[in-house]
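Structure file my_file_26.cif (mmCIF, C-alpha atoms) is printed below.
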```cif
data_input
loop_
_atom_site.label_atom_id
_atom_site.label_comp_id
_atom_site.auth_asym_id
_atom_site.auth_seq_id
_atom_site.Cartn_x
_atom_site.Cartn_y
_atom_site.Cartn_z
CA MET A 1 14.66 63.89 37.62
CA PRO A 2 12.55 63.02 40.68
CA ASN A 3 10.64 59.76 40.09
CA ASN A 4 8.04 60.02 42.86
CA TRP A 5 6.13 62.64 44.84
CA ILE A 6 8.35 62.33 47.94
CA GLU A 7 11.45 63.23 45.95
CA SER A 8 9.54 66.01 44.21
CA VAL A 9 8.54 67.56 47.55
CA ASN A 10 12.12 67.21 48.80
CA HIS A 11 13.65 68.82 45.73
CA ASN A 12 11.09 71.58 45.10
CA ILE A 13 9.83 72.48 48.59
CA ILE A 14 12.01 71.18 51.43
CA SER A 15 15.36 72.36 50.06
CA PRO A 16 14.18 75.95 49.35
CA LEU A 17 12.52 76.11 52.79
CA PHE A 18 15.75 75.06 54.50
CA LEU A 19 17.63 77.73 52.56
CA LEU A 20 15.23 80.31 53.95
CA ILE A 21 14.61 79.06 57.49
CA PHE A 22 18.03 78.15 58.84
CA PRO A 23 19.85 81.48 58.26
CA VAL A 24 17.01 83.20 60.13
CA ALA A 25 17.07 80.56 62.88
CA VAL A 26 20.74 81.11 63.75
CA GLN A 27 20.20 84.83 64.24
CA TYR A 28 17.18 84.15 66.43
CA LEU A 29 19.33 81.86 68.58
CA SER A 30 21.99 84.54 69.05
CA ALA A 31 19.32 86.92 70.36
CA ALA A 32 17.57 84.27 72.49
CA GLY A 33 20.78 83.34 74.29
CA ASN A 34 21.72 86.92 75.13
CA PRO A 35 18.67 89.16 75.76
CA ASP A 36 20.97 92.14 76.33
CA LYS A 37 21.87 92.15 72.62
CA PRO A 38 18.74 92.67 70.48
CA PHE A 39 18.79 92.22 66.71
CA GLN A 40 20.83 94.79 64.80
CA THR A 41 21.66 95.36 61.12
CA SER A 42 25.17 94.01 61.73
CA PHE A 43 23.59 90.62 62.44
CA LEU A 44 22.96 90.32 58.68
CA PHE A 45 26.39 91.14 57.27
CA GLY A 46 28.81 91.19 60.21
CA ASN A 47 30.88 94.05 61.59
CA LEU A 48 34.56 94.94 61.65
CA LEU A 49 35.38 92.68 64.62
CA ALA A 50 33.48 89.80 63.06
CA TRP A 51 35.33 90.01 59.75
CA LYS A 52 38.71 90.35 61.45
CA LEU A 53 38.07 87.16 63.41
CA ILE A 54 36.67 85.30 60.39
CA GLY A 55 39.63 86.37 58.25
CA ALA A 56 42.11 85.24 60.91
CA MET A 57 40.34 81.87 61.18
CA ILE A 58 40.41 81.31 57.42
CA VAL A 59 44.11 82.19 57.16
CA TRP A 60 44.95 79.97 60.13
CA ALA A 61 42.99 77.04 58.66
CA LEU A 62 44.52 77.44 55.19
CA VAL A 63 48.04 77.49 56.60
CA TRP A 64 47.45 74.07 58.13
CA MET A 65 45.93 72.78 54.90
CA LEU A 66 48.83 73.95 52.74
CA ILE A 67 51.95 73.28 54.84
CA PRO A 68 53.84 70.04 54.08
CA SER A 69 52.27 67.25 56.09
CA LYS A 70 51.52 63.57 56.17
CA VAL A 71 48.92 62.67 53.54
CA PHE A 72 45.90 60.43 53.95
CA TYR A 73 44.05 59.03 50.92
CA GLY A 74 40.31 58.57 51.26
CA PRO A 75 38.25 55.84 49.59
CA THR A 76 38.26 55.92 45.81
CA THR A 77 34.91 57.05 44.39
CA THR A 78 32.81 54.95 42.03
CA PHE A 79 34.09 57.14 39.17
CA GLY A 80 37.75 56.57 40.03
CA TYR A 81 38.79 59.65 42.01
CA THR A 82 40.86 59.24 45.19
CA PRO A 83 40.69 62.30 47.49
CA LYS A 84 43.85 63.38 49.30
CA TYR A 85 43.69 64.91 52.79
CA GLN A 86 46.10 66.56 55.19
CA ALA A 87 46.65 64.17 58.11
CA ASN A 88 47.72 66.78 60.67
CA GLY A 89 44.47 67.13 62.59
CA GLU A 90 45.81 66.43 66.08
CA LEU A 91 48.76 68.78 65.60
CA TYR A 92 46.38 71.46 64.27
CA TYR A 93 44.20 71.03 67.35
CA PHE A 94 47.05 71.49 69.83
CA ALA A 95 48.52 74.42 67.89
CA SER A 96 45.10 76.09 67.92
CA MET A 97 44.74 75.56 71.68
CA ILE A 98 48.19 77.08 72.27
CA ALA A 99 47.32 80.08 70.09
CA PHE A 100 44.06 80.50 72.01
CA GLY A 101 45.96 80.42 75.30
CA ILE A 102 48.37 83.09 74.12
CA VAL A 103 45.56 85.41 72.99
CA THR A 104 43.74 84.82 76.28
CA TYR A 105 46.85 85.80 78.24
CA VAL A 106 47.48 88.91 76.16
CA SER A 107 43.89 90.13 75.80
CA PRO A 108 41.37 88.24 78.00
CA GLN A 109 38.71 90.94 77.53
CA LEU A 110 38.56 90.10 73.83
CA TRP A 111 36.43 87.07 74.62
CA VAL A 112 33.73 89.18 76.27
CA SER A 113 33.64 91.25 73.07
CA VAL A 114 33.29 88.07 71.00
CA TYR A 115 30.36 86.99 73.17
CA ASP A 116 28.72 90.40 72.81
CA ASN A 117 29.23 90.32 69.03
CA PHE A 118 28.13 86.73 68.44
CA GLY A 119 25.22 87.87 66.21
CA PRO A 120 27.44 89.87 63.82
CA ILE A 121 29.97 87.01 63.74
CA LEU A 122 27.22 84.63 62.62
CA GLY A 123 26.12 87.22 60.05
CA GLY A 124 29.62 87.35 58.58
CA LEU A 125 29.91 83.56 58.54
CA ASN A 126 26.55 83.37 56.78
CA VAL A 127 27.71 85.71 54.00
CA LEU A 128 30.95 83.73 53.62
CA ALA A 129 29.17 80.36 53.53
CA LEU A 130 26.54 81.41 50.99
CA ALA A 131 29.23 82.89 48.73
CA LEU A 132 31.22 79.66 48.93
CA CYS A 133 28.17 77.54 48.11
CA LEU A 134 27.41 79.75 45.08
CA TYR A 135 31.00 79.43 43.90
CA LEU A 136 30.90 75.63 44.23
CA LEU A 137 27.66 75.46 42.25
CA VAL A 138 29.04 77.61 39.42
CA GLN A 139 32.30 75.64 39.42
CA ALA A 140 30.40 72.38 39.09
CA LYS A 141 28.18 73.70 36.31
CA MET A 142 31.27 74.59 34.30
CA LYS A 143 32.66 71.05 34.47
CA GLU A 144 30.80 69.57 31.54
CA THR A 145 33.43 66.90 30.94
CA GLU A 146 33.51 65.73 34.57
CA GLU A 147 33.50 61.92 34.85
CA ASP A 148 31.22 62.08 37.86
CA PRO A 149 27.86 60.82 36.48
CA TYR A 150 25.93 63.00 38.91
CA LEU A 151 27.15 66.10 37.07
CA VAL A 152 26.39 64.70 33.65
CA ASN A 153 23.21 62.65 33.90
CA ASN A 154 21.18 64.11 36.76
CA LYS A 155 19.31 67.40 36.53
CA PHE A 156 17.58 68.78 39.60
CA PRO A 157 15.95 72.13 40.45
CA ILE A 158 18.68 74.74 40.86
CA LEU A 159 17.89 75.41 44.53
CA HIS A 160 18.15 71.71 45.33
CA GLU A 161 21.50 71.56 43.54
CA PHE A 162 22.63 74.53 45.61
CA TYR A 163 21.38 72.86 48.79
CA ARG A 164 22.71 69.36 48.20
CA GLY A 165 25.84 70.32 46.29
CA MET A 166 27.12 69.01 42.98
CA GLU A 167 30.70 67.84 43.36
CA LEU A 168 31.69 65.05 45.73
CA HIS A 169 35.24 66.24 46.39
CA PRO A 170 35.73 69.81 45.11
CA THR A 171 39.00 71.61 45.75
CA ILE A 172 40.06 75.26 46.05
CA PHE A 173 43.79 76.10 45.74
CA GLY A 174 44.36 72.32 45.80
CA VAL A 175 42.62 72.09 49.20
CA GLN A 176 39.80 69.64 49.84
CA VAL A 177 36.79 71.88 50.51
CA LYS A 178 35.00 69.47 52.83
CA GLN A 179 38.05 69.02 55.06
CA LEU A 180 38.63 72.78 55.12
CA VAL A 181 35.10 73.86 56.07
CA ASN A 182 34.36 70.96 58.39
CA CYS A 183 37.57 69.92 60.12
CA ARG A 184 39.69 73.05 59.90
CA ILE A 185 37.08 75.82 60.29
CA GLY A 186 33.67 74.64 61.51
CA LEU A 187 34.71 72.25 64.26
CA MET A 188 37.60 74.44 65.41
CA ILE A 189 35.26 77.44 65.67
CA TRP A 190 33.01 75.20 67.79
CA GLN A 191 35.93 74.40 70.07
CA LEU A 192 37.14 77.98 70.37
CA LEU A 193 33.67 79.45 70.91
CA ILE A 194 32.80 77.21 73.86
CA LEU A 195 36.10 78.20 75.52
CA ILE A 196 35.38 81.85 74.73
CA PHE A 197 31.88 81.62 76.21
CA PHE A 198 33.20 80.02 79.40
CA SER A 199 35.82 82.77 79.69
CA ALA A 200 33.15 85.44 79.15
CA SER A 201 30.93 83.79 81.77
CA TYR A 202 33.76 83.64 84.31
CA GLN A 203 34.69 87.27 83.72
CA THR A 204 31.14 88.63 83.93
CA ARG A 205 29.33 86.31 86.34
CA GLY A 206 31.94 84.20 88.10
CA PHE A 207 32.74 80.48 88.13
CA ASP A 208 30.03 77.86 87.54
CA SER A 209 30.79 74.13 87.78
CA GLY A 210 27.91 73.16 85.49
CA HIS A 211 29.20 75.41 82.71
CA LEU A 212 32.69 74.00 83.21
CA VAL A 213 31.42 70.43 82.76
CA ASN A 214 29.53 71.51 79.65
CA VAL A 215 32.74 72.87 78.12
CA LEU A 216 35.00 70.05 79.30
CA LEU A 217 32.82 67.34 77.76
CA GLN A 218 32.58 69.13 74.43
CA THR A 219 36.34 69.74 74.46
CA ILE A 220 37.06 66.06 75.08
CA TYR A 221 34.59 65.14 72.35
CA LEU A 222 36.20 67.52 69.85
CA TYR A 223 39.72 66.43 70.71
CA LYS A 224 38.58 62.86 70.15
CA PHE A 225 37.49 63.86 66.67
CA TYR A 226 40.83 65.44 65.78
CA ARG A 227 42.74 62.44 67.11
CA TRP A 228 40.54 60.21 64.94
CA GLU A 229 40.23 62.60 61.99
CA THR A 230 41.56 60.29 59.30
CA GLY A 231 38.91 57.75 60.28
CA TYR A 232 36.27 60.38 59.54
CA PHE A 233 37.40 60.48 55.91
CA ASP A 234 36.13 56.91 55.52
CA THR A 235 32.63 57.65 56.84
CA LEU A 236 29.49 57.92 54.74
CA ASP A 237 29.21 61.62 55.62
CA ILE A 238 32.30 62.55 53.66
CA THR A 239 32.36 59.75 51.07
CA LEU A 240 28.76 60.10 49.85
CA ASP A 241 27.56 63.64 50.70
CA ARG A 242 28.35 66.36 48.17
CA ALA A 243 29.72 69.79 48.97
CA GLY A 244 26.90 72.32 48.96
CA TYR A 245 24.73 74.24 51.40
CA TYR A 246 24.00 71.11 53.46
CA ILE A 247 27.65 70.56 54.34
CA CYS A 248 29.41 73.87 53.73
CA TRP A 249 26.83 76.26 55.19
CA GLY A 250 26.15 73.71 57.88
CA CYS A 251 29.79 73.56 58.97
CA LEU A 252 30.49 77.29 58.65
CA VAL A 253 27.30 78.66 60.21
CA TRP A 254 25.04 76.01 61.75
CA VAL A 255 27.82 74.34 63.74
CA PRO A 256 29.14 77.61 65.29
CA ALA A 257 25.59 78.84 65.99
CA PHE A 258 23.74 75.74 67.09
CA TYR A 259 26.30 73.25 68.34
CA THR A 260 27.72 75.84 70.73
CA PHE A 261 24.33 77.10 71.88
CA SER A 262 24.25 75.46 75.31
CA SER A 263 27.63 77.02 76.16
CA TYR A 264 26.47 80.37 74.80
CA TYR A 265 23.20 80.11 76.73
CA PHE A 266 25.02 79.33 79.99
CA VAL A 267 26.82 82.69 79.95
CA TYR A 268 23.57 84.53 80.67
CA TYR A 269 21.63 81.66 82.30
CA GLN A 270 24.13 79.88 84.54
CA PRO A 271 23.23 76.29 85.53
CA ASN A 272 24.19 76.78 89.21
CA TYR A 273 24.54 73.05 89.93
CA GLY A 274 26.84 71.98 92.74
CA PRO A 275 30.17 70.19 92.27
CA PHE A 276 28.79 66.71 93.10
CA ILE A 277 26.10 66.58 90.42
CA SER A 278 28.41 68.28 87.94
CA THR A 279 31.06 65.61 88.60
CA VAL A 280 28.52 62.81 88.01
CA PHE A 281 27.58 64.33 84.65
CA LEU A 282 31.27 64.70 83.80
CA ILE A 283 32.03 61.03 84.53
CA LEU A 284 29.03 59.74 82.58
CA GLY A 285 29.77 62.07 79.69
CA VAL A 286 33.42 61.04 79.48
CA LEU A 287 32.37 57.37 79.47
CA CYS A 288 29.99 57.95 76.55
CA ILE A 289 32.63 59.88 74.60
CA TYR A 290 35.14 57.09 75.16
CA LEU A 291 32.67 54.45 73.97
CA ASN A 292 31.85 56.56 70.91
CA TYR A 293 35.57 56.73 70.15
CA GLU A 294 36.04 53.00 70.75
CA VAL A 295 33.27 52.10 68.31
CA ASP A 296 34.84 54.20 65.55
CA ARG A 297 38.33 52.94 66.43
CA GLN A 298 37.24 49.33 65.98
CA LYS A 299 36.09 49.99 62.43
CA GLU A 300 39.22 52.00 61.61
CA VAL A 301 41.48 49.15 62.81
CA PHE A 302 39.33 46.64 60.95
CA ARG A 303 39.68 48.54 57.68
CA ALA A 304 43.38 49.21 58.12
CA ASN A 305 44.02 45.47 58.48
CA ASN A 306 41.54 44.31 55.82
CA GLY A 307 39.51 42.50 58.46
CA LYS A 308 42.46 40.46 59.73
CA VAL A 309 42.31 41.65 63.32
CA LYS A 310 40.97 40.51 66.68
CA ILE A 311 38.06 42.40 68.23
CA TRP A 312 37.26 41.71 71.88
CA GLY A 313 39.74 38.82 71.79
CA LYS A 314 38.15 37.09 68.80
CA GLN A 315 38.93 37.12 65.11
CA ALA A 316 36.82 39.80 63.46
CA LYS A 317 33.84 38.60 61.44
CA PHE A 318 32.33 40.27 58.41
CA VAL A 319 30.00 39.89 55.47
CA GLN A 320 31.99 39.69 52.25
CA ALA A 321 30.27 42.06 49.84
CA SER A 322 30.75 43.33 46.32
CA TYR A 323 29.39 46.27 44.37
CA THR A 324 29.64 47.65 40.85
CA ALA A 325 31.29 51.02 40.21
CA VAL A 326 29.91 53.31 37.53
CA THR A 327 32.85 52.25 35.36
CA GLY A 328 31.43 48.73 35.41
CA GLU A 329 34.28 47.48 37.57
CA LYS A 330 33.45 44.92 40.28
CA ARG A 331 34.83 45.84 43.68
CA GLU A 332 35.03 43.91 46.95
CA THR A 333 34.49 45.16 50.49
CA ARG A 334 33.76 43.82 53.99
CA LEU A 335 30.83 44.71 56.23
CA MET A 336 32.01 44.34 59.82
CA ILE A 337 29.80 42.38 62.26
CA SER A 338 32.16 42.06 65.26
CA GLY A 339 32.58 44.09 68.45
CA TRP A 340 30.25 47.03 68.85
CA TRP A 341 29.30 46.78 65.17
CA GLY A 342 27.75 43.38 65.84
CA ILE A 343 25.45 44.88 68.50
CA ALA A 344 23.85 47.68 66.50
CA ARG A 345 24.47 49.11 63.05
CA LYS A 346 24.89 52.71 64.28
CA ILE A 347 25.70 52.28 67.95
CA ASN A 348 28.35 55.01 67.61
CA TYR A 349 25.42 57.41 67.18
CA THR A 350 23.87 56.09 70.41
CA PHE A 351 26.93 57.02 72.46
CA GLU A 352 27.23 60.37 70.67
CA LEU A 353 23.65 61.20 71.63
CA ALA A 354 24.25 60.22 75.25
CA ALA A 355 27.36 62.42 75.44
CA ALA A 356 25.43 65.40 74.03
CA PHE A 357 22.73 64.88 76.64
CA PHE A 358 25.21 64.90 79.54
CA TRP A 359 26.93 68.12 78.47
CA SER A 360 23.51 69.81 78.42
CA ALA A 361 22.19 68.15 81.58
CA SER A 362 23.82 70.71 83.86
CA ALA A 363 20.87 72.97 83.08
CA GLY A 364 18.41 70.61 84.75
CA LEU A 365 14.82 71.62 84.01
CA GLN A 366 14.90 75.22 85.14
CA TYR A 367 15.37 76.68 81.65
CA GLY A 368 13.08 74.36 79.71
CA VAL A 369 14.28 72.93 76.39
CA TRP A 370 16.65 75.77 75.45
CA PRO A 371 19.88 74.14 76.73
CA TYR A 372 18.81 70.84 75.14
CA LEU A 373 18.20 72.17 71.63
CA TYR A 374 21.41 70.62 70.28
CA PHE A 375 20.58 67.23 71.82
CA ILE A 376 17.03 67.32 70.38
CA PHE A 377 18.36 68.38 66.99
CA LEU A 378 21.00 65.64 67.09
CA VAL A 379 18.37 62.99 67.79
CA CYS A 380 16.43 64.10 64.72
CA LEU A 381 19.57 64.43 62.60
CA LEU A 382 21.07 61.06 63.47
CA VAL A 383 17.82 59.09 63.26
CA HIS A 384 17.23 60.62 59.83
CA ARG A 385 20.83 59.87 58.89
CA VAL A 386 20.42 56.23 59.95
CA PHE A 387 17.67 55.74 57.39
CA ARG A 388 19.41 57.87 54.76
CA ASP A 389 22.63 55.89 55.12
CA GLU A 390 20.76 52.59 54.99
CA THR A 391 19.14 53.61 51.72
CA LYS A 392 22.53 54.41 50.23
CA CYS A 393 24.03 51.14 51.48
CA ARG A 394 21.07 49.12 50.24
CA ASP A 395 21.40 50.67 46.79
CA LYS A 396 25.16 50.06 46.77
CA TYR A 397 25.43 46.55 48.25
CA GLY A 398 22.03 45.04 47.46
CA LYS A 399 21.64 41.48 48.77
CA TYR A 400 24.80 41.77 50.85
CA TRP A 401 23.28 44.65 52.82
CA THR A 402 20.14 42.56 53.38
CA GLU A 403 22.30 39.74 54.71
CA TYR A 404 24.18 42.15 56.98
CA CYS A 405 20.91 43.56 58.41
CA LYS A 406 19.69 40.05 59.25
CA ILE A 407 22.86 39.44 61.27
CA VAL A 408 22.76 42.89 62.94
CA PRO A 409 19.02 43.69 63.13
CA TYR A 410 19.14 46.72 65.45
CA ARG A 411 20.01 50.26 64.41
CA LEU A 412 20.71 52.29 67.56
CA ILE A 413 19.54 50.47 70.71
CA PRO A 414 19.58 46.64 70.96
CA TYR A 415 16.10 45.13 71.34
CA VAL A 416 14.52 48.60 71.06
CA PHE A 417 15.42 50.26 67.75
#
```
For the structure just supplied, provide its representation as structure tokens.
Amino acid sequence: MPNNWIESVNHNIISPLFLLIFPVAVQYLSAAGNPDKPFQTSFLFGNLLAWKLIGAMIVWALVWMLIPSKVFYGPTTTFGYTPKYQANGELYYFASMIAFGIVTYVSPQLWVSVYDNFGPILGGLNVLALALCLYLLVQAKMKETEEDPYLVNNKFPILHEFYRGMELHPTIFGVQVKQLVNCRIGLMIWQLLILIFFSASYQTRGFDSGHLVNVLLQTIYLYKFYRWETGYFDTLDITLDRAGYYICWGCLVWVPAFYTFSSYYFVYYQPNYGPFISTVFLILGVLCIYLNYEVDRQKEVFRANNGKVKIWGKQAKFVQASYTAVTGEKRETRLMISGWWGIARKINYTFELAAAFFWSASAGLQYGVWPYLYFIFLVCLLVHRVFRDETKCRDKYGKYWTEYCKIVPYRLIPYVF
């Protein structure tokens, strides 16, 4: 049960508010980005086109989750479970891009229809996501013998359980739910939608270099993710966050609605920047995406070699740490303090924020904050996540985390924060 007033407010007020506010917010965004399409009843439940597209996406994603593939094992949980993932992310990405190209060749006008029906598509995704979250909650409640202590010992208000999720690594048809909704559906819908919006913009209003840069930078960023996908399975996001509304609804609805919003907005409100400025934004954005990738790659290589690797030409350094699993077993780990990870504890977030700024910057100041909503949201999300992750690490590693923070005192920006 909550042991202080902050947790009580979070569990009893914040979670229910988020359940109410965010589904409404995504529909407002769909109307704000396309004034020619006012709110309709189909925005709530979807229409025939929406459900056809959603069904095709689910089938396509499940095929790539079920076909024989290389397997990647994630970190073992404190209660002894080792999640198994499909390690075919890069192949899935290229296959999806080829399929998109074929559909574009056969029926290019389809993408204008998708743009015009974005509200109903979000409505259908919302119904799907809420149904999935309800299923996961019921499934968790039925697992009374689950070894996960969260399911046995902790009782929270039902809406908070729905929001946060109950199980750490639930499966459906043997498929890891978090990989399915995040990597195979949510992020791929993000990728496809920004290409669809650019196609719709080109067909209805002509070519715009600023919109092209917006889409190119996001595409590079998303490809980077799929190339690095197995590294994502080691991050705190997937190892510590449970599968509920926060992750599942977020990936299935919030990502398609909000993360794509600048591209969606640019269909109706074109940036109209010239090639020179657009090229500058492209170069700076690519640099930030590369640095974001390099930061994550360093940690992945470090973990793969148990710390026995050179970073920037020097033997990697680390804080040797230990923690106690719920089984009482003592486990050892290493907290990396070399390379980028010796400069700031979450410097990968810094470069991610910079990249998001540059793919929105084509809008300039002529449209106010609208094209920058994702960047502003990401600042809030990642700063909050920095403190949330630190709390989890402090609870897990204790004095070793304190020692690590003394060696690497900055969170995002050296000498600033």
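Candidate residues A:Ile376, A:Ala140, A:Val9, A:Ile413 were compared for distance to A:Ser360, and the nearest is A:Ile376, using only C-alpha atoms.
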Can you turn the PyMOL selection byres ((chain A and resi 50) around 12) into a concrete residue list for this file, as a count of residues only?
32
Take the PyMOL selection byres ((chain A and resi 249) around 10), apply it to the structure above, and return the hits as a PyMOL selection string.
chain A and resi 19+22-23+125-133+163+181-182+186+243-248+250-255
With distances taken over only C-alpha atoms, which residue among A:Ile194, A:Leu353, A:Ile14, A:Cys393 lies nearest A:Tyr372?
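Of A:Ile194, A:Leu353, A:Ile14, A:Cys393, the one nearest A:Tyr372 is A:Leu353, counting only C-alpha atoms.
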Tell me, as a ChimeraX atom specification, which residues lie within 9 Å of A:Ile347, counting only C-alpha atoms; anything in the same chain fewer than 6 positions away does not count.
/A:292,295,340-341,410-414
Determine, counting all atoms listed in the file, which protein, DNA and RNA residues have an atom within 12 Å of an atom of A:Pro108; residues of the same chain fewer than 2 positions away are not included. Present the result as a PyMOL selection string.
chain A and resi 100-106+110-114+195-204
May I ask which of the residues A:Ala25, A:Ile283, A:Val267, A:Ile189 is the closest one to A:Phe207, counting all atoms listed in the file?
A:Val267
Apply the PyMOL selection byres ((chain A and resi 406) around 12) to the displayed file and report the matching residues as a list in words.
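So the PyMOL selection byres ((chain A and resi 406) around 12) ends up selecting Val319, Ile337, Gly342, Ile343, Ala344, Arg345, Lys399, Tyr400, Trp401, Thr402, Glu403, Tyr404, Cys405, Ile407, Val408, Pro409, Tyr410 and Arg411 of chain A.
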Would you kindly return, as a VMD selection string, each protein, DNA or RNA residue with an atom no farther than 9 Å from any atom of A:Phe358, considering only C-alpha atoms and excluding same-chain residues fewer than 4 positions away?
chain A and resid 213 to 214 217 281 to 282 284 to 285 288 353 to 354 362
Taking (35.2, 52.9, 53.0) as a centre in this file's frame and 12 Å as the limit, can you find every polymer residue with an atom that close, using only C-alpha atoms, and give them as a ChimeraX atom specification?
/A:73-78,82,230-240,299-300,302-304,306,331-336,393
Give me, please, the distance in Å between atom CA of A:Ser15 and atom CA of A:Leu136, quoted to one decimal.
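Rounded to one decimal, the two atoms are 16.9 Å apart.
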So that I can check the surroundings of A:Gln366, please list as a PyMOL selection string every protein, DNA and RNA residue that reaches within 12 Å of it, counting all atoms listed in the file and ignoring chain neighbours fewer than 5 positions away.
chain A and resi 269-273+361+371-372
Of the candidates A:Thr260, A:Ser322, A:Trp359, A:Thr41, which one gets nearest to A:Thr279 if we count only C-alpha atoms?
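Result for the nearest residue to A:Thr279: A:Trp359.
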Between atom CA of A:His211 and atom CA of A:Ser263 - distance in Å to one decimal:
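Going from atom CA of A:Ser263 over to atom CA of A:His211 covers 6.9 Å.
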Interatomic distance, atom CA of A:Ile220 to atom CA of A:Asn34 (Å, one decimal):
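Rounded to one decimal, the two atoms are 25.9 Å apart.
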Between A:Phe266, A:Val369, A:Glu294, A:Thr391, which is the closest to A:Gly33 once you count all atoms listed in the file?
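Result for the nearest residue to A:Gly33: A:Phe266.
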